[in-house]
Amino acid sequence: MRWLYYDQVPSPLGDLWMVACEEGLCLLRWGCDRRTLVGDEGGPLPPVGRFGFKTEWRFKRVVMHRWRELLFAYFSGRRVRFDAPIALPWGTPFQKAVWQGMMRIPYAHVQSYQALAIQVGKGAAARAVGSACGKNPLPIVIPCHRVIRHDGTMGGYTGGVSIKRQLLQLEGVTFHE
């Protein structure tokens, strides 16, 4: 039986909800409450039973302790690399390839949607890359905020452009749009 664990972490962007399975962190979201987070309908998770998880959730800070430390360090400007386990039990092969590509974008650097599309072998799929960024289950950890338009402007962000700007500024990247 596979369980999902959840916890809440305060951040400068608002409270973050973390969801993990035994393999690692699998979801990070802000702007929702626990009921929305764990619901099978209307929340950021797909129906979890389909992925072999028991649908009863458990609150367990022990599982999340390392991730809490890493996120606190990141938001204080000290963390540039996340080295605790993650799990990606959902997502298409293309989305997972894009997410893996985003994980190779260094701290305080940006890359265009087009360049990321080329990196994952789908050079004509910049819009599809943008869509995969929008479905990223682990923003911040999988740094979709580091993906920008080819003209150097910021582009969109599922959490809102102001959050994207704040994350980039935290890393020392500024935009003058």
# chains A, B, ... in the order shown; residues from 1 in each chain; ligands from 1
call {"tool": "residues_around", "arguments": {"residues": "Cys26 in chain A", "least_positions_apart": "6", "cutoff": "9 Å", "atoms": "only C-alpha atoms", "output": "PyMOL selection string"}}
result
chain A and resi 18-20+86-90+137-138
call {"tool": "closest_residue", "arguments": {"among": "A:Gln169, A:Gln119, A:Ser112, A:Gln100", "to": "Thr153 in chain A", "atoms": "only C-alpha atoms"}}
result
A:Ser112
call {"tool": "residues_around", "arguments": {"residues": "Gly155 in chain A", "least_positions_apart": "6", "cutoff": "10 Å", "atoms": "only C-alpha atoms", "output": "PyMOL selection string"}}
result
chain A and resi 112-113+130+145+147-149+161+164
call {"tool": "residues_around", "arguments": {"residues": "range 66-75 of chain A", "least_positions_apart": "2", "cutoff": "8 Å", "atoms": "only C-alpha atoms", "output": "count of residues only"}}
result
13
call {"tool": "atom_distance", "arguments": {"atom1": "CA of Tyr157 in chain A", "atom2": "CA of Thr92 in chain A"}}
result
19.9 Å
call {"tool": "select_by_dssp", "arguments": {"residues": "range 113-175 of chain A", "states": "strand (DSSP E or B)", "output": "VMD selection string"}}
result
chain A and resid 139 142 147 to 148
call {"tool": "write_last_selection", "arguments": {"atoms": "N, CA and C atoms", "output": "compact mmCIF listing (two decimals), in the first residue's frame"}}
result
# COMPACT_ATOMS: atom_id res chain seq x y z
N PRO A 139 6.85 23.26 -8.66
CA PRO A 139 7.47 24.55 -8.93
C PRO A 139 8.49 24.88 -7.84
N ILE A 142 11.46 22.05 -9.39
CA ILE A 142 11.63 21.95 -10.84
C ILE A 142 11.40 23.39 -11.31
N VAL A 147 12.18 29.62 -16.92
CA VAL A 147 11.91 29.52 -18.36
C VAL A 147 11.20 30.80 -18.79
N ILE A 148 11.76 31.45 -19.82
CA ILE A 148 11.25 32.74 -20.28
C ILE A 148 11.02 32.71 -21.79
